[in-house]
$ cat my_file-v3.tsv   # TSV, C-alpha atoms (C1' of nucleotides)
chain	number	residue	atom	x	y	z
A	13	MET	CA	112.06	119.29	105.70
A	14	ASN	CA	111.07	116.44	103.50
A	15	THR	CA	111.24	116.28	99.75
A	16	GLN	CA	107.49	116.57	99.36
A	17	SER	CA	107.13	119.83	101.18
A	18	HIS	CA	108.05	121.18	97.76
A	19	SER	CA	105.39	118.93	96.33
A	20	LYS	CA	102.07	118.08	97.95
A	21	SER	CA	100.87	115.70	100.61
A	22	THR	CA	99.80	112.30	99.39
A	23	SER	CA	96.19	113.03	100.39
A	24	ARG	CA	96.11	115.82	97.79
A	25	SER	CA	97.84	113.68	95.18
A	26	LEU	CA	95.31	112.70	92.56
A	27	PRO	CA	96.60	109.16	91.89
A	28	ILE	CA	96.74	108.29	95.60
A	29	ALA	CA	93.42	109.96	96.40
A	30	LEU	CA	91.77	107.99	93.59
A	31	LEU	CA	93.30	104.78	94.85
A	32	ARG	CA	92.25	105.35	98.46
A	33	ALA	CA	88.73	106.33	97.49
A	34	ARG	CA	88.45	103.22	95.37
A	35	GLU	CA	89.63	101.00	98.20
A	36	THR	CA	86.85	102.41	100.37
A	37	VAL	CA	84.20	101.77	97.76
A	38	MET	CA	85.49	98.32	96.84
A	39	ALA	CA	85.66	96.91	100.37
A	40	PRO	CA	81.97	95.88	100.59
A	41	ILE	CA	81.90	94.83	96.94
A	42	ARG	CA	84.84	92.48	97.53
A	43	ASP	CA	82.91	90.97	100.42
A	44	MET	CA	79.95	90.38	98.15
A	45	LEU	CA	82.10	88.87	95.39
A	46	GLN	CA	83.91	86.59	97.78
A	47	ASP	CA	80.61	84.99	98.68
A	48	ILE	CA	79.99	84.06	95.05
A	49	ASN	CA	83.59	83.12	94.31
A	50	LEU	CA	84.10	85.80	91.68
A	51	THR	CA	87.03	88.19	91.37
A	52	GLU	CA	86.64	91.90	90.93
A	53	GLN	CA	87.95	91.57	87.38
A	54	LYS	CA	85.45	88.88	86.39
A	55	TRP	CA	82.65	91.00	87.84
A	56	ARG	CA	83.74	93.97	85.71
A	57	ILE	CA	83.93	91.77	82.62
A	58	LEU	CA	80.40	90.43	83.17
A	59	ARG	CA	79.05	93.96	83.61
A	60	VAL	CA	80.77	95.23	80.48
A	61	LEU	CA	79.58	92.27	78.40
A	62	ASP	CA	76.06	92.67	79.70
A	63	GLU	CA	76.17	96.32	78.74
A	64	LEU	CA	77.83	96.01	75.31
A	65	GLY	CA	76.65	92.64	74.00
A	66	GLU	CA	79.03	90.61	71.84
A	67	VAL	CA	82.37	92.41	71.52
A	68	GLU	CA	85.99	91.71	70.72
A	69	GLN	CA	88.55	91.32	73.49
A	70	SER	CA	90.28	94.65	72.94
A	71	THR	CA	86.99	96.38	73.66
A	72	ILE	CA	86.57	94.48	76.91
A	73	ALA	CA	90.12	95.32	77.89
A	74	ASN	CA	89.49	99.02	77.33
A	75	GLU	CA	86.15	99.15	79.08
A	76	ALA	CA	87.10	96.98	82.04
A	77	CYS	CA	90.61	98.43	82.45
A	78	LEU	CA	92.41	95.16	81.92
A	79	LEU	CA	95.44	94.35	79.82
A	80	LEU	CA	95.00	91.81	77.04
A	81	PRO	CA	97.34	89.20	78.53
A	82	SER	CA	95.34	89.25	81.77
A	83	LEU	CA	92.12	89.11	79.82
A	84	THR	CA	93.24	86.08	77.84
A	85	ARG	CA	93.74	84.13	81.05
A	86	ILE	CA	90.61	85.37	82.77
A	87	LEU	CA	88.34	84.69	79.80
A	88	ARG	CA	89.77	81.19	79.51
A	89	SER	CA	88.66	80.43	83.04
A	90	MET	CA	85.31	82.17	82.60
A	91	GLU	CA	84.69	80.11	79.46
A	92	THR	CA	85.45	76.94	81.43
A	93	ASP	CA	83.01	78.07	84.08
A	94	GLY	CA	80.31	78.72	81.46
A	95	GLN	CA	80.01	82.44	82.14
A	96	ILE	CA	81.05	83.58	78.64
A	97	THR	CA	81.48	82.15	75.15
A	98	ARG	CA	84.08	82.94	72.50
A	99	ARG	CA	83.98	82.49	68.73
A	100	GLN	CA	86.26	83.55	65.92
A	101	ASP	CA	84.92	86.44	63.86
A	102	SER	CA	84.13	85.35	60.30
A	103	GLN	CA	85.03	88.71	58.71
A	104	ASP	CA	88.31	89.27	60.53
A	105	LYS	CA	89.86	86.04	61.68
A	106	ARG	CA	92.17	87.83	64.10
A	107	ARG	CA	89.28	88.82	66.30
A	108	SER	CA	87.51	86.61	68.76
A	109	MET	CA	84.06	87.74	69.72
A	110	VAL	CA	82.99	87.34	73.34
A	111	LYS	CA	79.48	87.10	74.70
A	112	ILE	CA	77.97	86.65	78.13
A	113	THR	CA	76.00	83.42	78.69
A	114	GLU	CA	72.74	82.91	80.52
A	115	GLU	CA	74.77	81.64	83.45
A	116	GLY	CA	76.73	84.90	83.40
A	117	ARG	CA	73.53	86.94	83.35
A	118	ARG	CA	72.17	84.85	86.16
A	119	ILE	CA	75.17	85.77	88.32
A	120	LEU	CA	74.61	89.45	87.60
A	121	ALA	CA	70.91	89.22	88.32
A	122	ASN	CA	71.46	87.34	91.57
A	123	ASN	CA	73.77	90.02	92.87
A	124	LEU	CA	72.09	93.10	91.53
A	125	ALA	CA	70.28	93.81	94.78
A	126	ALA	CA	73.40	93.53	96.92
A	127	SER	CA	75.29	95.70	94.48
A	128	LEU	CA	72.59	98.36	94.52
A	129	ALA	CA	72.42	98.31	98.30
A	130	ILE	CA	76.13	99.12	98.46
A	131	SER	CA	75.73	102.03	96.04
A	132	GLU	CA	72.75	103.34	97.94
A	133	ASN	CA	74.60	103.20	101.22
A	134	ILE	CA	77.27	105.46	99.75
A	135	GLU	CA	74.66	107.70	98.16
A	136	THR	CA	72.86	108.09	101.46
A	137	GLN	CA	76.02	109.17	103.22
A	138	MET	CA	77.39	111.49	100.56
A	139	GLY	CA	74.19	112.73	99.02
A	140	ARG	CA	72.98	112.30	95.45
A	141	GLU	CA	74.14	115.73	94.37
A	142	LYS	CA	77.72	115.30	95.53
A	143	LEU	CA	77.90	111.83	94.05
A	144	ASP	CA	76.72	113.06	90.65
A	145	ASN	CA	79.17	115.90	90.88
A	146	LEU	CA	81.96	113.42	91.63
A	147	LEU	CA	80.99	111.15	88.73
A	148	ASP	CA	80.91	114.14	86.38
A	149	LEU	CA	84.36	115.23	87.48
A	150	LEU	CA	85.72	111.69	87.10
A	151	GLU	CA	84.33	111.48	83.57
A	152	GLU	CA	85.93	114.80	82.79
A	153	LEU	CA	89.24	113.63	84.20
A	154	GLN	CA	89.16	110.53	82.01
A	155	ALA	CA	88.90	112.76	78.97
A	156	VAL	CA	92.06	114.72	79.76
A	157	LYS	CA	94.90	114.38	77.24
A	158	VAL	CA	97.96	113.02	78.99
B	22	MET	CA	67.15	94.49	77.70
B	23	ASN	CA	70.27	93.75	79.61
B	24	THR	CA	70.59	93.12	83.31
B	25	GLN	CA	72.11	96.51	83.95
B	26	SER	CA	69.29	98.51	82.54
B	27	HIS	CA	67.90	97.96	86.01
B	28	SER	CA	71.23	99.13	87.37
B	29	LYS	CA	73.46	101.81	85.89
B	30	SER	CA	75.96	102.03	83.06
B	31	THR	CA	79.52	101.24	83.98
B	32	SER	CA	80.55	104.85	83.33
B	33	ARG	CA	78.28	105.91	86.22
B	34	SER	CA	79.52	103.11	88.44
B	35	LEU	CA	81.75	104.59	91.10
B	36	PRO	CA	84.32	101.75	91.28
B	37	ILE	CA	84.74	101.64	87.51
B	38	ALA	CA	84.77	105.41	87.11
B	39	LEU	CA	87.47	105.66	89.79
B	40	LEU	CA	89.49	102.96	88.09
B	41	ARG	CA	89.25	104.54	84.64
B	42	ALA	CA	90.09	107.98	85.94
B	43	ARG	CA	93.09	106.58	87.73
B	44	GLU	CA	94.31	104.83	84.59
B	45	THR	CA	94.24	108.17	82.78
B	46	VAL	CA	96.21	109.92	85.50
B	47	MET	CA	98.71	107.11	85.95
B	48	ALA	CA	99.65	106.70	82.29
B	49	PRO	CA	102.28	109.49	82.19
B	50	ILE	CA	103.47	108.65	85.70
B	51	ARG	CA	104.11	105.06	84.66
B	52	ASP	CA	106.15	106.38	81.75
B	53	MET	CA	108.23	108.45	84.15
B	54	LEU	CA	108.73	105.56	86.56
B	55	GLN	CA	109.72	103.15	83.83
B	56	ASP	CA	112.62	105.42	82.97
B	57	ILE	CA	113.96	105.10	86.51
B	58	ASN	CA	113.12	101.42	86.90
B	59	LEU	CA	110.68	101.93	89.75
B	60	THR	CA	107.23	100.43	90.12
B	61	GLU	CA	104.18	102.47	90.97
B	62	GLN	CA	104.07	100.77	94.38
B	63	LYS	CA	107.68	101.58	95.23
B	64	TRP	CA	107.08	105.20	94.22
B	65	ARG	CA	104.09	105.38	96.59
B	66	ILE	CA	106.13	103.82	99.40
B	67	LEU	CA	108.93	106.34	98.95
B	68	ARG	CA	106.45	109.23	98.99
B	69	VAL	CA	104.74	107.96	102.12
B	70	LEU	CA	108.03	107.39	103.94
B	71	ASP	CA	109.28	110.81	102.92
B	72	GLU	CA	106.09	112.32	104.28
B	73	LEU	CA	105.82	110.35	107.53
B	74	GLY	CA	109.41	109.65	108.53
B	75	GLU	CA	110.19	106.36	110.28
B	76	VAL	CA	107.05	104.24	110.58
B	77	GLU	CA	105.96	100.66	111.02
B	78	GLN	CA	104.88	98.56	108.07
B	79	SER	CA	101.18	98.55	108.87
B	80	THR	CA	101.19	102.32	108.57
B	81	ILE	CA	102.86	102.16	105.17
B	82	ALA	CA	100.35	99.55	104.07
B	83	ASN	CA	97.44	101.78	105.08
B	84	GLU	CA	98.82	104.96	103.58
B	85	ALA	CA	100.05	103.45	100.34
B	86	CYS	CA	97.07	101.12	99.87
B	87	LEU	CA	99.10	97.93	99.90
B	88	LEU	CA	98.46	94.69	101.73
B	89	LEU	CA	101.09	93.57	104.21
B	90	PRO	CA	102.10	90.45	102.26
B	91	SER	CA	102.84	92.58	99.19
B	92	LEU	CA	104.66	95.10	101.32
B	93	THR	CA	106.88	92.44	102.86
B	94	ARG	CA	108.16	91.45	99.43
B	95	ILE	CA	108.47	94.96	98.07
B	96	LEU	CA	110.36	96.31	101.09
B	97	ARG	CA	112.75	93.36	100.90
B	98	SER	CA	113.73	94.39	97.39
B	99	MET	CA	113.85	98.09	98.26
B	100	GLU	CA	116.14	97.31	101.18
B	101	THR	CA	118.43	95.37	98.84
B	102	ASP	CA	118.44	98.37	96.49
B	103	GLY	CA	119.34	100.71	99.35
B	104	GLN	CA	116.18	102.82	99.10
B	105	ILE	CA	114.90	102.05	102.61
B	106	THR	CA	116.17	100.59	105.90
B	107	ARG	CA	114.39	98.38	108.41
B	108	ARG	CA	115.09	97.83	112.09
B	109	GLN	CA	113.25	96.03	114.86
B	110	ASP	CA	111.51	98.33	117.30
B	111	SER	CA	113.07	98.09	120.76
B	112	GLN	CA	109.82	98.73	122.64
B	113	ASP	CA	107.61	96.37	120.67
B	114	LYS	CA	109.57	93.59	119.08
B	115	ARG	CA	106.72	92.69	116.73
B	116	ARG	CA	107.17	95.94	114.87
B	117	SER	CA	109.79	96.68	112.29
B	118	MET	CA	110.40	100.35	111.70
B	119	VAL	CA	111.03	101.50	108.15
B	120	LYS	CA	112.85	104.62	107.03
B	121	ILE	CA	113.74	106.13	103.67
B	122	THR	CA	117.46	106.38	102.90
B	123	GLU	CA	119.37	109.22	101.28
B	124	GLU	CA	119.32	107.19	98.08
B	125	GLY	CA	115.55	107.01	98.36
B	126	ARG	CA	115.28	110.75	98.85
B	127	ARG	CA	117.59	111.30	95.91
B	128	ILE	CA	115.19	109.34	93.67
B	129	LEU	CA	112.26	111.48	94.85
B	130	ALA	CA	114.20	114.71	94.37
B	131	ASN	CA	115.35	113.72	90.89
B	132	ASN	CA	111.81	113.10	89.73
B	133	LEU	CA	109.99	115.85	91.54
B	134	ALA	CA	110.02	118.15	88.53
B	135	ALA	CA	108.64	115.53	86.15
B	136	SER	CA	106.00	114.59	88.69
B	137	LEU	CA	104.93	118.20	89.12
B	138	ALA	CA	104.80	118.75	85.37
B	139	ILE	CA	102.34	115.89	85.06
B	140	SER	CA	100.11	117.31	87.81
B	141	GLU	CA	100.25	120.75	86.28
B	142	ASN	CA	99.26	119.43	82.88
B	143	ILE	CA	96.11	117.97	84.40
B	144	GLU	CA	95.48	121.13	86.40
B	145	THR	CA	95.77	123.25	83.29
B	146	GLN	CA	93.23	121.18	81.43
B	147	MET	CA	90.69	120.75	84.23
B	148	GLY	CA	91.20	123.98	86.10
B	149	ARG	CA	92.37	124.45	89.69
B	150	GLU	CA	88.87	124.89	91.03
B	151	LYS	CA	87.49	121.66	89.60
B	152	LEU	CA	90.56	119.74	90.68
B	153	ASP	CA	90.24	120.98	94.26
B	154	ASN	CA	86.58	120.14	94.17
B	155	LEU	CA	87.42	116.62	92.97
B	156	LEU	CA	90.06	116.11	95.66
B	157	ASP	CA	87.62	117.30	98.33
B	158	LEU	CA	84.96	114.87	97.13
B	159	LEU	CA	87.47	112.02	97.03
B	160	GLU	CA	88.54	112.76	100.59
B	161	GLU	CA	84.92	112.77	101.62
B	162	LEU	CA	84.30	109.47	99.88
B	163	GLN	CA	87.22	107.89	101.73
B	164	ALA	CA	85.59	108.83	105.00
B	165	VAL	CA	82.34	107.02	104.22
B	166	LYS	CA	81.50	104.09	106.50
B	167	VAL	CA	81.14	100.94	104.44
C	7	DT	C1'	99.64	84.47	136.90
C	8	DC	C1'	98.32	82.54	132.83
C	9	DA	C1'	95.15	81.21	129.19
C	10	DA	C1'	92.84	83.60	125.57
C	11	DT	C1'	92.90	87.22	122.42
C	12	DT	C1'	94.91	90.69	119.61
C	13	DT	C1'	98.57	92.65	116.84
C	14	DA	C1'	102.48	92.70	113.46
C	15	DC	C1'	104.49	90.44	110.27
C	16	DT	C1'	105.81	86.47	107.12
C	17	DA	C1'	105.01	82.27	104.06
C	18	DA	C1'	102.73	79.98	100.54
C	19	DA	C1'	99.50	79.47	96.75
C	20	DC	C1'	97.20	81.12	93.21
C	21	DA	C1'	95.20	85.19	90.35
C	22	DT	C1'	96.27	89.23	88.07
C	23	DG	C1'	99.52	93.07	86.35
C	24	DT	C1'	103.15	94.14	83.23
C	25	DT	C1'	106.43	93.83	79.59
C	26	DA	C1'	108.47	91.63	75.67
C	27	DA	C1'	108.25	88.45	72.05
C	28	DT	C1'	105.57	85.92	68.68
C	29	DA	C1'	101.93	84.19	65.41
C	30	DA	C1'	98.21	85.05	62.48
C	31	DT	C1'	95.75	88.06	59.88
C	32	DT	C1'	94.59	92.29	57.63
C	33	DA	C1'	95.51	96.92	55.75
C	34	DA	C1'	98.35	100.14	53.15
C	35	DG	C1'	101.63	101.62	49.83
C	36	DA	C1'	105.00	101.23	46.15
D	8	DT	C1'	100.94	92.26	43.16
D	9	DC	C1'	104.30	92.30	46.61
D	10	DT	C1'	106.16	93.91	50.49
D	11	DT	C1'	105.78	96.26	54.67
D	12	DA	C1'	103.30	97.94	58.44
D	13	DA	C1'	99.60	97.66	61.65
D	14	DT	C1'	96.21	95.02	64.33
D	15	DT	C1'	94.48	91.18	67.36
D	16	DA	C1'	95.44	87.94	70.37
D	17	DT	C1'	98.48	84.61	72.76
D	18	DT	C1'	102.48	82.97	75.45
D	19	DA	C1'	106.19	83.41	78.73
D	20	DA	C1'	108.52	85.41	82.62
D	21	DC	C1'	108.53	87.85	86.50
D	22	DA	C1'	106.35	91.39	89.89
D	23	DT	C1'	102.51	92.37	92.52
D	24	DG	C1'	97.62	91.47	94.38
D	25	DT	C1'	94.92	88.68	97.33
D	26	DT	C1'	93.64	85.22	100.48
D	27	DT	C1'	94.59	81.86	103.97
D	28	DA	C1'	97.42	80.17	107.34
D	29	DG	C1'	101.03	80.49	110.43
D	30	DT	C1'	104.51	82.50	113.92
D	31	DA	C1'	106.02	85.48	117.50
D	32	DA	C1'	105.21	89.09	120.58
D	33	DA	C1'	102.20	91.94	123.27
D	34	DT	C1'	97.86	92.71	125.68
D	35	DT	C1'	93.73	91.48	128.15
D	36	DG	C1'	91.07	89.73	131.83
D	37	DA	C1'	89.69	86.47	135.10
$ encode --input "my_file-v3.tsv" --output "structure tokens"
Amino acid sequence: MNTQSHSKSTSRSLPIALLRARETVMAPIRDMLQDINLTEQKWRILRVLDELGEVEQSTIANEACLLLPSLTRILRSMETDGQITRRQDSQDKRRSMVKITEEGRRILANNLAASLAISENIETQMGREKLDNLLDLLEELQAVKV
Amino acid sequence: MNTQSHSKSTSRSLPIALLRARETVMAPIRDMLQDINLTEQKWRILRVLDELGEVEQSTIANEACLLLPSLTRILRSMETDGQITRRQDSQDKRRSMVKITEEGRRILANNLAASLAISENIETQMGREKLDNLLDLLEELQAVKV
DNA sequence: TCAATTTACTAAACATGTTAATAATTAAGA
DNA sequence: TCTTAATTATTAACATGTTTAGTAAATTGA
């Protein structure tokens, strides 16, 4: 008898189930991103910036699930590549405000169709109702106090 | 109007929702693991090995959602620390068979209670029914053809 | 039988994750 | 005001993620 027969199988373990499900969903997205030479993290950052407008780095880190040290490096390279701009906030000089550029928006626009096609493929197989149900449950899980 | 008003907000994006939910769930587990000087990946490997017995590395990689190059490095350090053993398979000399040691099992056993407490906290807040529903949907999502 | 292909793993290079320490600035309290 | 604490971001160091390439062993198929 193994240790986990007291516990639960990894397939019913929430952290592992979330990870495996994400790997499934990400596989085609990674293929798409590889074609345009963009990492998963940079893609998330562009989407968050497009959604929120000009924001400070801590906000990006929270929304895109990145740690600040990673973000510092990634934004540096994205600034070099002309996908985002940074400027010091005039009110609070600790903050640096980040904004997506036209080039960044262009990348999003160019890949919107491919991105949607991937989502729709999953929606077709699982069904809209189940997918909404899943998204609701995931939002609820995020709100749990840990 | 931003690019994503054609698309969907990041909170209704499956990859991002899965990532954010996982961050929530993992936070207390990371705290637990830090106390015993174990990474999240090593914890997953121990759980998979405990569940499956002696297996080849590709199997571990699949089950624990790790790529083989990462696994090579991590197993090397776990072997040094006496948590797993490796031996060449006699039938197929390409394979190396990996097994959890008593030390590895001891680590699992010592942290089973803490691990369960974390799961039960989430279960209490979300409810058993919703959690089962979520796990079912995640399993279904994993099975989607991408 | 043997060349071509597949499988299992490792190596190397670079990007990101993670923690700790630090600098700069701002906020809060005595 | 002055000091202390908190906030924002960066740097450094090391572990892991990710991709590409490579090696060795096994399998396939003419």
$ closest_atom_pairs --input "my_file-v3.tsv" --of "chain D" --to "segment 88-102 of chain B" --cutoff "12 Å" --atoms "only C-alpha atoms (C1' of nucleotides)" --output "tab-separated table"
residue	atom	partner	partner_atom	distance
D:DA22	C1'	B:Ile95	CA	9.2
D:DT23	C1'	B:Ser91	CA	6.7
D:DG24	C1'	B:Ser91	CA	7.2
D:DT25	C1'	B:Leu88	CA	8.2
D:DT26	C1'	B:Pro90	CA	10.1
D:DT27	C1'	B:Pro90	CA	11.5
$ residues_around --input "my_file-v3.tsv" --residues "segment 42-50 of chain A" --least-positions-apart "3" --cutoff "12 Å" --atoms "all atoms listed in the file" --output "PDB file with C-alpha atoms (C1' of nucleotides), in the coordinates of the input"
ATOM      1  CA  ARG A  34      88.450 103.220  95.370  1.00  0.00           C
ATOM      2  CA  GLU A  35      89.630 101.000  98.200  1.00  0.00           C
ATOM      3  CA  THR A  36      86.850 102.410 100.370  1.00  0.00           C
ATOM      4  CA  VAL A  37      84.200 101.770  97.760  1.00  0.00           C
ATOM      5  CA  MET A  38      85.490  98.320  96.840  1.00  0.00           C
ATOM      6  CA  ALA A  39      85.660  96.910 100.370  1.00  0.00           C
ATOM      7  CA  GLN A  53      87.950  91.570  87.380  1.00  0.00           C
ATOM      8  CA  LYS A  54      85.450  88.880  86.390  1.00  0.00           C
ATOM      9  CA  TRP A  55      82.650  91.000  87.840  1.00  0.00           C
ATOM     10  CA  ARG A  56      83.740  93.970  85.710  1.00  0.00           C
ATOM     11  CA  ILE A  57      83.930  91.770  82.620  1.00  0.00           C
ATOM     12  CA  LEU A  58      80.400  90.430  83.170  1.00  0.00           C
ATOM     13  CA  ILE A  86      90.610  85.370  82.770  1.00  0.00           C
ATOM     14  CA  SER A  89      88.660  80.430  83.040  1.00  0.00           C
ATOM     15  CA  MET A  90      85.310  82.170  82.600  1.00  0.00           C
ATOM     16  CA  ASP A  93      83.010  78.070  84.080  1.00  0.00           C
ATOM     17  CA  GLN A  95      80.010  82.440  82.140  1.00  0.00           C
ATOM     18  CA  GLY A 116      76.730  84.900  83.400  1.00  0.00           C
ATOM     19  CA  ARG A 118      72.170  84.850  86.160  1.00  0.00           C
ATOM     20  CA  ILE A 119      75.170  85.770  88.320  1.00  0.00           C
ATOM     21  CA  LEU A 120      74.610  89.450  87.600  1.00  0.00           C
ATOM     22  CA  ASN A 122      71.460  87.340  91.570  1.00  0.00           C
ATOM     23  CA  ASN A 123      73.770  90.020  92.870  1.00  0.00           C
ATOM     24  CA  LEU A 124      72.090  93.100  91.530  1.00  0.00           C
ATOM     25  CA  ALA A 125      70.280  93.810  94.780  1.00  0.00           C
ATOM     26  CA  ALA A 126      73.400  93.530  96.920  1.00  0.00           C
ATOM     27  CA  SER A 127      75.290  95.700  94.480  1.00  0.00           C
ATOM     28  CA  LEU A 128      72.590  98.360  94.520  1.00  0.00           C
ATOM     29  CA  ALA A 129      72.420  98.310  98.300  1.00  0.00           C
ATOM     30  CA  ILE A 130      76.130  99.120  98.460  1.00  0.00           C
TER      31      ILE A 130
ATOM     32  CA  PRO B  36      84.320 101.750  91.280  1.00  0.00           C
ATOM     33  CA  VAL B 167      81.140 100.940 104.440  1.00  0.00           C
TER      34      VAL B 167
ATOM     35  C1'  DA C  21      95.200  85.190  90.350  1.00  0.00           C
TER      36       DA C  21
ATOM     37  C1'  DT D  25      94.920  88.680  97.330  1.00  0.00           C
ATOM     38  C1'  DT D  26      93.640  85.220 100.480  1.00  0.00           C
TER      39       DT D  26
END
$ atom_distance --input "my_file-v3.tsv" --atom1 "atom CA of Glu141 of chain A" --atom2 "atom CA of Ser25 of chain A"
23.8 Å
$ closest_residue --input "my_file-v3.tsv" --among "A:Thr97, A:Ser102, A:Gln137, A:Ser70" --to "chain C" --atoms "only C-alpha atoms (C1' of nucleotides)"
A:Ser102
$ residues_near_point --input "my_file-v3.tsv" --point "(103.5, 88.8, 70.2)" --cutoff "12 Å" --atoms "only C-alpha atoms (C1' of nucleotides)" --output "list of chain:residue names"
A:Leu80, A:Pro81, C:DT25, C:DA26, C:DA27, C:DT28, C:DA29, C:DA30, D:DT14, D:DT15, D:DA16, D:DT17, D:DT18, D:DA19
$ residues_around --input "my_file-v3.tsv" --residues "DT10 of chain D" --least-positions-apart "2" --cutoff "10 Å" --atoms "only C-alpha atoms (C1' of nucleotides)" --output "ChimeraX atom specification"
/C:35-36 /D:8,12
$ atom_distance --input "my_file-v3.tsv" --atom1 "atom CA of Ser131 of chain A" --atom2 "atom CA of Leu26 of chain A"
22.6 Å
$ interface_residues --input "my_file-v3.tsv" --of "chain B" --to "chain D" --cutoff "8 Å" --atoms "all atoms listed in the file" --output "PyMOL selection string"
chain B and resi 91+113-115
$ closest_atom_pairs --input "my_file-v3.tsv" --of "chain C" --to "chain B" --cutoff "8 Å" --atoms "all atoms listed in the file" --output "tab-separated table"
residue	atom	partner	partner_atom	distance
C:DA14	C1'	B:Arg115	CA	5.4
C:DC15	C1'	B:Arg115	CA	7.2
C:DT16	C1'	B:Pro90	CA	7.3
$ atom_distance --input "my_file-v3.tsv" --atom1 "atom CA of Pro40 of chain A" --atom2 "atom C1' of DT13 of chain C"
23.5 Å
$ closest_residue --input "my_file-v3.tsv" --among "B:Gly148, B:Gln112, B:Thr80, B:Leu155" --to "chain A" --atoms "all atoms listed in the file"
B:Leu155
$ closest_residue --input "my_file-v3.tsv" --among "A:Ile96, A:Ile72, A:Ile112, A:Val60" --to "chain B" --atoms "all atoms listed in the file"
A:Val60
$ closest_residue --input "my_file-v3.tsv" --among "A:Val67, A:Leu31, A:Met109, A:Leu78" --to "DG23 of chain C" --atoms "only C-alpha atoms (C1' of nucleotides)"
A:Leu78
$ closest_residue --input "my_file-v3.tsv" --among "A:Glu115, A:Thr136, A:Leu153, A:Leu61" --to "chain B" --atoms "all atoms listed in the file"
A:Leu153
$ axis_aligned_box --input "my_file-v3.tsv" --around "segment 143-147 of chain B" --padding-each-side "3 Å" --output "AutoDock Vina command-line options"
--center_x 93.4 --center_y 120.6 --center_z 83.9 --size_x 11.4 --size_y 11.3 --size_z 11.0
